[in-house]
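Visitor: Contents of data.tsv (TSV, C-alpha atoms) are below:
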```tsv
chain	number	residue	atom	x	y	z
A	29	MET	CA	108.78	83.79	114.77
A	30	SER	CA	105.70	82.10	113.41
A	31	THR	CA	102.12	81.47	114.36
A	32	ASP	CA	99.77	78.55	113.97
A	33	PRO	CA	99.85	77.02	110.49
A	34	TRP	CA	97.28	78.16	107.95
A	35	ILE	CA	95.89	75.80	105.36
A	36	VAL	CA	95.14	77.55	102.07
A	37	TYR	CA	93.67	75.30	99.39
A	38	ASP	CA	95.53	72.25	100.74
A	39	GLU	CA	98.77	74.19	101.08
A	40	THR	CA	100.07	74.74	104.61
A	41	LEU	CA	101.56	78.18	105.18
A	42	THR	CA	103.35	79.51	108.23
A	43	SER	CA	103.27	83.17	107.17
A	44	ARG	CA	99.94	84.98	107.04
A	45	LEU	CA	101.25	87.85	104.98
A	46	PHE	CA	100.89	87.86	101.20
A	47	LEU	CA	103.17	90.44	99.62
A	48	GLY	CA	102.97	92.22	96.28
A	49	THR	CA	106.02	92.63	94.07
A	50	ALA	CA	105.26	96.01	92.46
A	51	ARG	CA	106.30	99.61	93.06
A	52	TYR	CA	109.62	98.97	94.84
A	53	PRO	CA	112.48	101.39	94.25
A	54	SER	CA	114.61	98.58	92.79
A	55	PRO	CA	114.56	94.79	92.27
A	56	LYS	CA	117.17	94.44	95.02
A	57	VAL	CA	114.99	96.27	97.52
A	58	MET	CA	112.03	94.11	96.49
A	59	ALA	CA	114.03	90.94	97.08
A	60	ASP	CA	115.29	92.15	100.46
A	61	ALA	CA	111.78	93.23	101.48
A	62	VAL	CA	110.40	89.79	100.61
A	63	GLU	CA	113.04	88.21	102.83
A	64	ALA	CA	112.30	90.61	105.69
A	65	SER	CA	108.54	90.08	105.39
A	66	ARG	CA	108.92	86.28	105.60
A	67	ALA	CA	106.03	86.13	103.11
A	68	GLU	CA	105.61	82.74	101.48
A	69	VAL	CA	103.18	83.92	98.81
A	70	LEU	CA	103.96	86.71	96.33
A	71	THR	CA	101.52	88.33	93.93
A	72	VAL	CA	102.50	89.05	90.34
A	73	GLY	CA	100.79	90.43	87.25
A	74	MET	CA	100.84	89.92	83.50
A	75	ARG	CA	101.05	92.48	80.73
A	76	ARG	CA	101.53	92.65	77.01
A	77	GLN	CA	105.25	92.56	76.38
A	78	ALA	CA	107.48	93.00	73.36
A	79	PRO	CA	109.99	90.17	72.80
A	80	SER	CA	112.86	92.36	74.00
A	81	GLU	CA	111.14	92.79	77.36
A	82	VAL	CA	110.78	89.10	78.18
A	83	GLY	CA	114.38	88.01	77.84
A	84	GLY	CA	116.76	87.00	80.61
A	85	GLY	CA	117.26	89.33	83.53
A	86	SER	CA	113.63	90.41	83.63
A	87	ILE	CA	111.94	91.32	86.86
A	88	TRP	CA	110.18	87.98	86.67
A	89	ASP	CA	113.49	86.13	86.87
A	90	ARG	CA	114.23	88.04	90.04
A	91	ILE	CA	110.84	87.16	91.54
A	92	ALA	CA	111.09	83.51	90.52
A	93	GLY	CA	114.54	83.35	92.09
A	94	LEU	CA	113.03	84.11	95.48
A	95	GLY	CA	111.46	80.64	95.48
A	96	ARG	CA	108.11	81.71	96.88
A	97	ARG	CA	104.66	80.46	95.97
A	98	ILE	CA	103.23	82.66	93.20
A	99	LEU	CA	99.73	84.11	93.22
A	100	PRO	CA	99.11	85.72	89.82
A	101	ASN	CA	96.46	88.43	89.55
A	102	THR	CA	94.00	89.49	86.88
A	103	ALA	CA	94.52	93.20	87.53
A	104	GLY	CA	93.13	95.45	84.82
A	105	CYS	CA	90.29	93.15	83.76
A	106	HIS	CA	86.82	94.70	83.62
A	107	THR	CA	84.69	91.71	82.62
A	108	ALA	CA	84.41	88.10	83.71
A	109	THR	CA	85.38	86.97	80.22
A	110	GLU	CA	88.60	89.00	80.26
A	111	ALA	CA	89.45	87.74	83.73
A	112	VAL	CA	88.84	84.09	82.81
A	113	THR	CA	91.05	84.42	79.74
A	114	LEU	CA	93.84	86.10	81.69
A	115	ALA	CA	93.55	83.47	84.43
A	116	GLU	CA	93.99	80.73	81.84
A	117	MET	CA	97.08	82.53	80.55
A	118	ALA	CA	98.38	82.81	84.12
A	119	ARG	CA	97.87	79.13	84.77
A	120	GLU	CA	100.06	78.27	81.82
A	121	ILE	CA	102.76	80.86	82.51
A	122	PHE	CA	103.10	80.27	86.23
A	123	ASP	CA	102.07	76.62	86.31
A	124	THR	CA	99.64	77.22	89.16
A	125	ASP	CA	95.87	76.97	89.52
A	126	TRP	CA	95.90	79.74	92.13
A	127	ILE	CA	94.47	83.00	90.84
A	128	LYS	CA	93.95	86.33	92.56
A	129	LEU	CA	90.77	87.34	90.80
A	130	GLU	CA	90.41	91.06	90.22
A	131	VAL	CA	87.57	92.45	88.12
A	132	THR	CA	87.40	96.22	88.29
A	133	GLY	CA	83.98	97.85	88.28
A	134	ASP	CA	85.05	101.44	88.78
A	135	ASP	CA	88.28	102.93	87.52
A	136	TYR	CA	88.26	105.80	89.99
A	137	ASN	CA	88.59	103.78	93.18
A	138	LEU	CA	89.34	100.41	91.57
A	139	GLN	CA	86.28	98.96	93.26
A	140	PRO	CA	85.60	95.33	92.34
A	141	ASP	CA	82.55	94.62	90.18
A	142	PRO	CA	80.59	92.14	92.29
A	143	TYR	CA	78.49	90.78	89.42
A	144	GLU	CA	81.42	90.09	87.12
A	145	LEU	CA	83.46	88.82	90.06
A	146	ILE	CA	80.84	86.23	90.96
A	147	ASP	CA	80.42	85.19	87.33
A	148	ALA	CA	84.18	84.87	86.84
A	149	SER	CA	84.58	82.91	90.08
A	150	ARG	CA	81.95	80.41	88.99
A	151	ARG	CA	83.55	79.93	85.58
A	152	LEU	CA	87.05	79.60	87.00
A	153	ILE	CA	86.04	77.09	89.65
A	154	GLU	CA	84.38	75.03	86.90
A	155	ARG	CA	87.76	75.08	85.13
A	156	GLY	CA	89.58	73.81	88.21
A	157	PHE	CA	91.05	77.06	89.47
A	158	LYS	CA	91.60	77.87	93.13
A	159	VAL	CA	90.17	81.33	93.27
A	160	PHE	CA	91.23	84.15	95.61
A	161	PRO	CA	88.61	86.81	94.79
A	162	TYR	CA	89.34	90.45	95.58
A	163	SER	CA	85.96	91.73	96.74
A	164	THR	CA	84.27	94.58	98.51
A	165	ASP	CA	83.32	93.90	102.11
A	166	ASP	CA	79.68	93.22	101.17
A	167	LEU	CA	78.41	90.29	103.20
A	168	VAL	CA	76.12	88.93	100.50
A	169	VAL	CA	78.78	89.07	97.79
A	170	CYS	CA	81.33	87.36	100.01
A	171	THR	CA	78.77	84.72	100.99
A	172	ARG	CA	78.02	84.00	97.32
A	173	LEU	CA	81.73	83.62	96.63
A	174	ARG	CA	82.01	81.16	99.50
A	175	ASP	CA	78.96	79.26	98.26
A	176	LEU	CA	80.49	78.94	94.80
A	177	GLY	CA	83.49	77.18	96.30
A	178	CYS	CA	85.99	79.93	97.05
A	179	GLN	CA	87.88	78.71	100.11
A	180	VAL	CA	89.50	82.12	100.39
A	181	VAL	CA	87.70	85.47	100.11
A	182	MET	CA	89.63	88.75	100.10
A	183	PRO	CA	87.59	91.84	101.00
A	184	TRP	CA	89.18	95.25	100.82
A	185	GLY	CA	90.13	97.30	103.84
A	186	SER	CA	90.01	100.44	101.68
A	187	PRO	CA	90.70	101.12	98.00
A	188	ILE	CA	93.93	99.81	96.48
A	189	GLY	CA	96.97	101.93	97.17
A	190	THR	CA	95.25	104.40	99.51
A	191	GLY	CA	96.79	103.20	102.75
A	192	LYS	CA	93.66	104.25	104.61
A	193	GLY	CA	93.44	101.03	106.59
A	194	LEU	CA	90.21	99.35	107.66
A	195	LEU	CA	87.48	101.82	106.72
A	196	ASN	CA	84.64	99.60	107.87
A	197	PRO	CA	85.68	97.33	110.72
A	198	TYR	CA	82.03	96.52	111.39
A	199	ALA	CA	81.66	94.95	107.93
A	200	LEU	CA	84.86	92.97	108.40
A	201	GLU	CA	83.78	91.75	111.82
A	202	THR	CA	80.43	90.72	110.35
A	203	LEU	CA	82.16	88.75	107.62
A	204	ARG	CA	84.28	86.94	110.19
A	205	ALA	CA	81.23	86.10	112.28
A	206	ARG	CA	79.06	85.00	109.36
A	207	LEU	CA	81.72	83.13	107.37
A	208	PRO	CA	83.64	81.25	110.04
A	209	ASP	CA	84.85	78.47	107.74
A	210	VAL	CA	86.29	80.51	104.88
A	211	SER	CA	89.79	81.95	104.93
A	212	LEU	CA	89.39	85.73	105.03
A	213	VAL	CA	92.22	87.96	103.86
A	214	VAL	CA	92.16	91.75	103.95
A	215	ASP	CA	93.40	92.72	100.53
A	216	ALA	CA	94.10	96.35	99.70
A	217	GLY	CA	94.13	99.56	101.65
A	218	ILE	CA	96.54	98.53	104.39
A	219	GLY	CA	98.90	101.43	105.09
A	220	LEU	CA	100.41	100.69	108.48
A	221	PRO	CA	101.44	97.64	110.46
A	222	SER	CA	98.76	98.60	113.01
A	223	HIS	CA	96.12	98.22	110.26
A	224	ALA	CA	97.39	94.72	109.54
A	225	ALA	CA	97.46	93.85	113.23
A	226	GLY	CA	93.93	95.20	113.52
A	227	ALA	CA	92.68	92.95	110.73
A	228	MET	CA	94.30	89.95	112.34
A	229	GLU	CA	92.86	90.86	115.75
A	230	LEU	CA	89.40	90.76	114.13
A	231	GLY	CA	90.10	87.12	113.28
A	232	PHE	CA	91.11	87.52	109.67
A	233	ASP	CA	93.32	84.70	108.48
A	234	GLY	CA	95.79	86.86	106.60
A	235	VAL	CA	96.53	90.16	104.93
A	236	LEU	CA	97.70	90.99	101.44
A	237	LEU	CA	99.57	94.21	100.86
A	238	ASN	CA	102.04	95.81	98.51
A	239	THR	CA	102.23	99.61	98.51
A	240	ALA	CA	102.55	99.95	102.29
A	241	VAL	CA	105.88	98.17	102.06
A	242	ALA	CA	107.04	99.18	98.60
A	243	ARG	CA	106.44	102.90	99.10
A	244	ALA	CA	107.76	103.15	102.65
A	245	ASP	CA	110.93	105.21	103.07
A	246	ASP	CA	112.68	101.96	103.96
A	247	PRO	CA	110.72	99.07	102.43
A	248	VAL	CA	112.90	96.40	104.00
A	249	GLU	CA	112.42	97.70	107.54
A	250	MET	CA	108.71	98.17	106.89
A	251	ALA	CA	108.42	94.60	105.62
A	252	SER	CA	109.90	93.43	108.89
A	253	ALA	CA	107.44	95.60	110.83
A	254	PHE	CA	104.55	94.03	108.95
A	255	ALA	CA	105.82	90.54	109.70
A	256	TYR	CA	105.74	91.31	113.42
A	257	ALA	CA	102.37	93.07	113.20
A	258	VAL	CA	100.64	90.23	111.39
A	259	ASN	CA	101.96	87.71	113.85
A	260	ALA	CA	101.10	89.91	116.84
A	261	GLY	CA	97.55	90.32	115.59
A	262	ARG	CA	97.14	86.62	114.98
A	263	ILE	CA	98.50	85.64	118.38
A	264	ALA	CA	96.28	88.26	120.02
A	265	TYR	CA	93.21	86.91	118.26
A	266	ARG	CA	93.96	83.41	119.44
A	267	ALA	CA	94.69	84.66	122.95
A	268	GLY	CA	91.22	86.25	123.15
A	269	ALA	CA	90.86	89.93	123.97
A	270	MET	CA	89.50	91.25	127.26
A	271	ALA	CA	85.95	92.56	127.36
A	272	GLU	CA	85.62	96.31	126.87
A	273	SER	CA	84.18	98.32	129.72
A	274	GLU	CA	82.52	101.75	129.79
A	275	THR	CA	84.01	102.68	133.16
A	276	ALA	CA	87.48	102.64	134.65
A	277	GLU	CA	88.47	99.72	136.80
A	278	PRO	CA	91.70	99.85	138.79
A	279	SER	CA	94.12	97.20	137.73
A	280	THR	CA	96.04	97.37	141.03
A	281	PRO	CA	94.06	95.77	143.88
A	282	VAL	CA	92.24	98.32	146.04
A	283	VAL	CA	92.44	96.40	149.29
A	284	GLY	CA	95.42	97.59	151.33
A	285	THR	CA	95.78	100.93	149.59
A	286	PRO	CA	98.17	103.00	151.79
A	287	PHE	CA	97.28	106.38	153.26
A	288	TRP	CA	93.62	105.54	153.43
A	289	HIS	CA	92.08	106.15	156.83
A	290	ASP	CA	88.60	106.02	158.08
A	291	ARG	CA	87.79	109.71	158.53
A	292	ARG	CA	85.91	108.88	161.77
A	293	ALA	CA	89.16	107.85	163.45
B	29	MET	CA	99.05	89.65	55.89
B	30	ARG	CA	98.07	92.20	58.45
B	31	ILE	CA	97.24	91.20	62.02
B	32	SER	CA	97.12	92.97	65.36
B	33	VAL	CA	99.81	92.13	67.92
B	34	ASN	CA	99.31	93.58	71.38
B	35	GLY	CA	97.10	96.26	69.91
B	36	GLU	CA	99.50	97.29	67.15
B	37	LEU	CA	98.84	96.58	63.48
B	38	THR	CA	101.60	94.31	62.23
B	39	GLU	CA	102.47	93.12	58.74
B	40	LEU	CA	103.58	89.51	58.50
B	41	ASN	CA	105.98	89.03	55.58
B	42	GLY	CA	107.59	86.08	53.87
B	43	LEU	CA	104.66	83.74	54.19
B	44	ASP	CA	103.96	81.06	51.60
B	45	GLY	CA	100.46	80.26	50.43
B	46	GLU	CA	99.45	78.23	53.49
B	47	PRO	CA	97.85	80.11	56.40
B	48	PRO	CA	100.62	80.40	59.00
B	49	ARG	CA	100.46	78.54	62.28
B	50	LEU	CA	100.65	80.41	65.57
B	51	ASP	CA	103.98	78.87	66.61
B	52	ARG	CA	105.57	80.09	63.37
B	53	VAL	CA	104.04	83.56	63.76
B	54	LEU	CA	105.38	83.87	67.30
B	55	VAL	CA	108.87	82.91	66.13
B	56	ASP	CA	108.63	85.53	63.37
B	57	LEU	CA	107.60	88.11	65.93
B	58	GLY	CA	110.62	87.28	68.10
B	59	TYR	CA	108.94	85.32	70.87
B	60	LYS	CA	110.83	82.07	70.32
B	61	ASP	CA	111.33	80.26	73.66
B	62	ARG	CA	109.96	83.22	75.64
B	63	LYS	CA	107.89	82.81	78.78
B	64	VAL	CA	104.64	84.12	77.34
B	65	ALA	CA	101.00	83.12	77.06
B	66	VAL	CA	98.88	83.91	74.04
B	67	ALA	CA	95.28	84.74	73.30
B	68	VAL	CA	93.90	85.03	69.76
B	69	ASN	CA	90.81	87.19	69.40
B	70	GLU	CA	90.52	87.28	73.19
B	71	THR	CA	90.48	83.48	73.48
B	72	PHE	CA	93.34	81.71	75.26
B	73	VAL	CA	95.36	79.38	73.04
B	74	PRO	CA	97.38	76.88	75.09
B	75	ARG	CA	101.00	76.43	74.12
B	76	THR	CA	100.22	72.81	73.22
B	77	SER	CA	97.89	74.08	70.47
B	78	TRP	CA	100.20	76.67	68.91
B	79	ALA	CA	101.33	74.30	66.17
B	80	GLU	CA	97.76	73.65	65.00
B	81	ARG	CA	96.24	77.10	65.37
B	82	THR	CA	96.17	78.96	62.05
B	83	ILE	CA	96.39	82.73	61.94
B	84	GLY	CA	94.53	84.81	59.38
B	85	THR	CA	94.18	88.41	58.31
B	86	GLY	CA	92.67	90.58	61.01
B	87	ASP	CA	93.37	88.22	63.88
B	88	ARG	CA	94.16	89.90	67.16
B	89	LEU	CA	97.04	88.44	69.19
B	90	ASP	CA	97.66	89.22	72.83
B	91	VAL	CA	101.06	88.08	74.03
B	92	VAL	CA	101.51	88.52	77.77
B	93	ALA	CA	104.41	87.90	80.10
B	94	PRO	CA	104.92	88.09	83.87
B	95	ILE	CA	105.51	91.43	85.51
B	96	GLN	CA	105.54	92.67	89.08
B	97	GLY	CA	102.07	93.03	90.57
B	98	GLY	CA	100.03	93.61	93.69
```
Show me this structure written as structure tokens.
Guide:
Amino acid sequence: MSTDPWIVYDETLTSRLFLGTARYPSPKVMADAVEASRAEVLTVGMRRQAPSEVGGGSIWDRIAGLGRRILPNTAGCHTATEAVTLAEMAREIFDTDWIKLEVTGDDYNLQPDPYELIDASRRLIERGFKVFPYSTDDLVVCTRLRDLGCQVVMPWGSPIGTGKGLLNPYALETLRARLPDVSLVVDAGIGLPSHAAGAMELGFDGVLLNTAVARADDPVEMASAFAYAVNAGRIAYRAGAMAESETAEPSTPVVGTPFWHDRRA
Amino acid sequence: MRISVNGELTELNGLDGEPPRLDRVLVDLGYKDRKVAVAVNETFVPRTSWAERTIGTGDRLDVVAPIQGG
């Protein structure tokens, strides 16, 4: 089961689901969920670690063993300077110029700081990074990110970890209409497969999620559900939805309806 | 010599008169051959520069490694 290929910074992907690697009940469940999701890109983080924590058998070894493309994040950074430094560290550790750029502006709802995000994107692109910025759904911010050279922009559906879905479909639709040539990924806030399908039906190129799978009662089954939902949404978008109508229209032809008689007879 | 490692004050012992190099400091701290990246005073120091970078009193080291993430 796959959809049309998706070119992301010169890489051709067949899955349109990016999956996070955090918050699973166990490394085994994480690995099985990745398989079930068919995700080709996994997000990871970086933290200060004592030497004893970075030996063999670490969670990273388990993630690396899955053989997927790695998209490291800059989670926890609050300034462009911090994010650029952490991105440089990520590039060395993971040997990739892909970076999921997160710069938090508000610790309560983990809302991205648009000013620092734009500044960090500019500096990272100058350094040769391929930036995947996690943004609000603000049209002007996303347009600036595109103008700087981000080929992918990742607006939120709702705040990270809330599972509230697409709080502002109008903003997302506007982004799709106004930025037709950039890859748009809904990142954060997805709680249900129907949310993911909804984003794809709007014409988004992909979705990135973590908690919706990791914190499901059965993460492996939920990963499978998301794989179907993302593909269903993508296929539906390409198929083109019917036009909405304000009034009912019978789908069965009216001509020849039985038991109808001209009352004058 | 006292430095900060991942936010914790750390005493480096057994150093001779020369200012120690970062690669030597990381070995002393137990990070030999570990998959880590390092920043000194919030500036990234590539692995290829560890042997040249000297460490002095009060320097702040951040040693990060991969973890799970969203």
Visitor: Would you compute the distance between CA of Leu114 in chain A and CA of Leu45 in chain A? Give it in Å to one decimal.
Guide: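 Pair CA of Leu114 in chain A / CA of Leu45 in chain A returns 24.5 Å.
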Visitor: Considering all atoms listed in the file, give me a table of residues in range 52-142 of chain A that are at most 9 Å from range 56-72 of chain B, with the closest atom pair and distance in Å for each, as JSON lines.
Guide:
```
{"residue": "A:Gln77", "atom": "CA", "partner": "B:Val64", "partner_atom": "CA", "distance": 8.5}
{"residue": "A:Ala78", "atom": "CA", "partner": "B:Tyr59", "partner_atom": "CA", "distance": 8.2}
{"residue": "A:Pro79", "atom": "CA", "partner": "B:Tyr59", "partner_atom": "CA", "distance": 5.3}
{"residue": "A:Ser80", "atom": "CA", "partner": "B:Gly58", "partner_atom": "CA", "distance": 8.1}
{"residue": "A:Val82", "atom": "CA", "partner": "B:Arg62", "partner_atom": "CA", "distance": 6.5}
{"residue": "A:Gly83", "atom": "CA", "partner": "B:Arg62", "partner_atom": "CA", "distance": 6.9}
{"residue": "A:Thr109", "atom": "CA", "partner": "B:Glu70", "partner_atom": "CA", "distance": 8.7}
{"residue": "A:Glu110", "atom": "CA", "partner": "B:Glu70", "partner_atom": "CA", "distance": 7.5}
{"residue": "A:Thr113", "atom": "CA", "partner": "B:Phe72", "partner_atom": "CA", "distance": 5.7}
{"residue": "A:Leu114", "atom": "CA", "partner": "B:Phe72", "partner_atom": "CA", "distance": 7.8}
{"residue": "A:Glu116", "atom": "CA", "partner": "B:Phe72", "partner_atom": "CA", "distance": 6.7}
{"residue": "A:Met117", "atom": "CA", "partner": "B:Ala65", "partner_atom": "CA", "distance": 5.3}
{"residue": "A:Ala118", "atom": "CA", "partner": "B:Ala65", "partner_atom": "CA", "distance": 7.5}
{"residue": "A:Glu120", "atom": "CA", "partner": "B:Ala65", "partner_atom": "CA", "distance": 6.9}
{"residue": "A:Ile121", "atom": "CA", "partner": "B:Ala65", "partner_atom": "CA", "distance": 6.2}
```
Visitor: Please produce an output containing C-alpha atoms for each residue in the selection, written as a PDB file, in the frame of the given file.
Guide:
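Final output, again-v3.pdb:
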```pdb
ATOM      1  CA  GLN A  77     105.250  92.560  76.380  1.00  0.00           C
ATOM      2  CA  ALA A  78     107.480  93.000  73.360  1.00  0.00           C
ATOM      3  CA  PRO A  79     109.990  90.170  72.800  1.00  0.00           C
ATOM      4  CA  SER A  80     112.860  92.360  74.000  1.00  0.00           C
ATOM      5  CA  VAL A  82     110.780  89.100  78.180  1.00  0.00           C
ATOM      6  CA  GLY A  83     114.380  88.010  77.840  1.00  0.00           C
ATOM      7  CA  THR A 109      85.380  86.970  80.220  1.00  0.00           C
ATOM      8  CA  GLU A 110      88.600  89.000  80.260  1.00  0.00           C
ATOM      9  CA  THR A 113      91.050  84.420  79.740  1.00  0.00           C
ATOM     10  CA  LEU A 114      93.840  86.100  81.690  1.00  0.00           C
ATOM     11  CA  GLU A 116      93.990  80.730  81.840  1.00  0.00           C
ATOM     12  CA  MET A 117      97.080  82.530  80.550  1.00  0.00           C
ATOM     13  CA  ALA A 118      98.380  82.810  84.120  1.00  0.00           C
ATOM     14  CA  GLU A 120     100.060  78.270  81.820  1.00  0.00           C
ATOM     15  CA  ILE A 121     102.760  80.860  82.510  1.00  0.00           C
TER      16      ILE A 121
END
```
Visitor: Determine, counting only C-alpha atoms, which protein, DNA and RNA residues have an atom within 9 Å of an atom of Thr82 in chain B; residues of the same chain fewer than 3 positions away are not included. Present the result as a list in words.
Guide: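 Counting only C-alpha atoms, the residues come to Pro47, Pro48, Arg49, Leu50, Trp78 and Ala79 of chain B.
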Visitor: With only C-alpha atoms as the counted atoms, please give the residues lying no more than 12 Å from Met250 in chain A, apart from itself and same-chain residues fewer than 2 positions off, as a PyMOL selection string.
Guide: chain A and resi 47+57-58+60-66+219-222+237-248+252-257
Visitor: Please measure the separation of CA of Phe122 in chain A and CA of Val55 in chain B, giving the value in Å to one decimal.
Guide: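 Value for the CA of Phe122 in chain A-CA of Val55 in chain B distance: 21.1 Å.
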Visitor: Please measure the separation of CA of Arg206 in chain A and CA of Asp125 in chain A, giving the value in Å to one decimal.
Guide: 27.2 Å
Visitor: Of the residues A:Arg291, A:Arg96, A:Ile188, A:Gly261, which is the one nearest to Ala59 in chain A, using only C-alpha atoms?
Guide: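 Closest candidate: A:Arg96.
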Visitor: Could you add all heavy atoms to range 66-73 of chain B and give me the result as an mmCIF file, in the coordinates of the input?
Guide:
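The result, written out as result-v4.cif:
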```cif
data_model
loop_
_atom_site.group_PDB
_atom_site.id
_atom_site.type_symbol
_atom_site.label_atom_id
_atom_site.label_comp_id
_atom_site.auth_asym_id
_atom_site.auth_seq_id
_atom_site.Cartn_x
_atom_site.Cartn_y
_atom_site.Cartn_z
ATOM 1 N N VAL B 66 99.446 83.272 75.225
ATOM 2 C CA VAL B 66 98.880 83.910 74.040
ATOM 3 C C VAL B 66 97.360 83.731 73.994
ATOM 4 O O VAL B 66 96.839 82.638 74.275
ATOM 5 C CB VAL B 66 99.520 83.333 72.757
ATOM 6 C CG1 VAL B 66 98.937 84.000 71.517
ATOM 7 C CG2 VAL B 66 101.031 83.490 72.784
ATOM 8 N N ALA B 67 96.697 84.819 73.626
ATOM 9 C CA ALA B 67 95.280 84.740 73.300
ATOM 10 C C ALA B 67 95.102 85.236 71.859
ATOM 11 O O ALA B 67 95.798 86.162 71.425
ATOM 12 C CB ALA B 67 94.450 85.605 74.243
ATOM 13 N N VAL B 68 94.225 84.586 71.114
ATOM 14 C CA VAL B 68 93.900 85.030 69.760
ATOM 15 C C VAL B 68 92.426 85.418 69.766
ATOM 16 O O VAL B 68 91.564 84.613 70.158
ATOM 17 C CB VAL B 68 94.163 83.927 68.724
ATOM 18 C CG1 VAL B 68 93.761 84.408 67.331
ATOM 19 C CG2 VAL B 68 95.632 83.509 68.740
ATOM 20 N N ASN B 69 92.180 86.645 69.381
ATOM 21 C CA ASN B 69 90.810 87.190 69.400
ATOM 22 C C ASN B 69 90.165 87.001 70.773
ATOM 23 O O ASN B 69 89.031 86.538 70.912
ATOM 24 C CB ASN B 69 89.970 86.553 68.295
ATOM 25 C CG ASN B 69 90.606 86.754 66.934
ATOM 26 O OD1 ASN B 69 91.316 87.731 66.721
ATOM 27 N ND2 ASN B 69 90.379 85.810 66.031
ATOM 28 N N GLU B 70 90.960 87.316 71.788
ATOM 29 C CA GLU B 70 90.520 87.280 73.190
ATOM 30 C C GLU B 70 90.234 85.888 73.713
ATOM 31 O O GLU B 70 89.636 85.736 74.780
ATOM 32 C CB GLU B 70 89.304 88.197 73.440
ATOM 33 C CG GLU B 70 89.596 89.687 73.313
ATOM 34 C CD GLU B 70 89.584 90.177 71.881
ATOM 35 O OE1 GLU B 70 88.663 89.802 71.143
ATOM 36 O OE2 GLU B 70 90.521 90.902 71.481
ATOM 37 N N THR B 71 90.644 84.863 72.993
ATOM 38 C CA THR B 71 90.480 83.480 73.480
ATOM 39 C C THR B 71 91.864 82.881 73.720
ATOM 40 O O THR B 71 92.730 82.935 72.833
ATOM 41 C CB THR B 71 89.714 82.623 72.463
ATOM 42 O OG1 THR B 71 88.416 83.204 72.289
ATOM 43 C CG2 THR B 71 89.559 81.188 72.950
ATOM 44 N N PHE B 72 92.051 82.307 74.900
ATOM 45 C CA PHE B 72 93.340 81.710 75.260
ATOM 46 C C PHE B 72 93.657 80.543 74.332
ATOM 47 O O PHE B 72 92.804 79.695 74.064
ATOM 48 C CB PHE B 72 93.273 81.222 76.705
ATOM 49 C CG PHE B 72 94.441 80.387 77.138
ATOM 50 C CD1 PHE B 72 95.736 80.901 77.097
ATOM 51 C CD2 PHE B 72 94.247 79.103 77.621
ATOM 52 C CE1 PHE B 72 96.816 80.134 77.509
ATOM 53 C CE2 PHE B 72 95.315 78.330 78.041
ATOM 54 C CZ PHE B 72 96.606 78.841 77.981
ATOM 55 N N VAL B 73 94.886 80.512 73.839
ATOM 56 C CA VAL B 73 95.360 79.380 73.040
ATOM 57 C C VAL B 73 96.513 78.719 73.790
ATOM 58 O O VAL B 73 97.595 79.314 73.899
ATOM 59 C CB VAL B 73 95.830 79.824 71.639
ATOM 60 C CG1 VAL B 73 96.290 78.605 70.834
ATOM 61 C CG2 VAL B 73 94.726 80.562 70.905
#
```
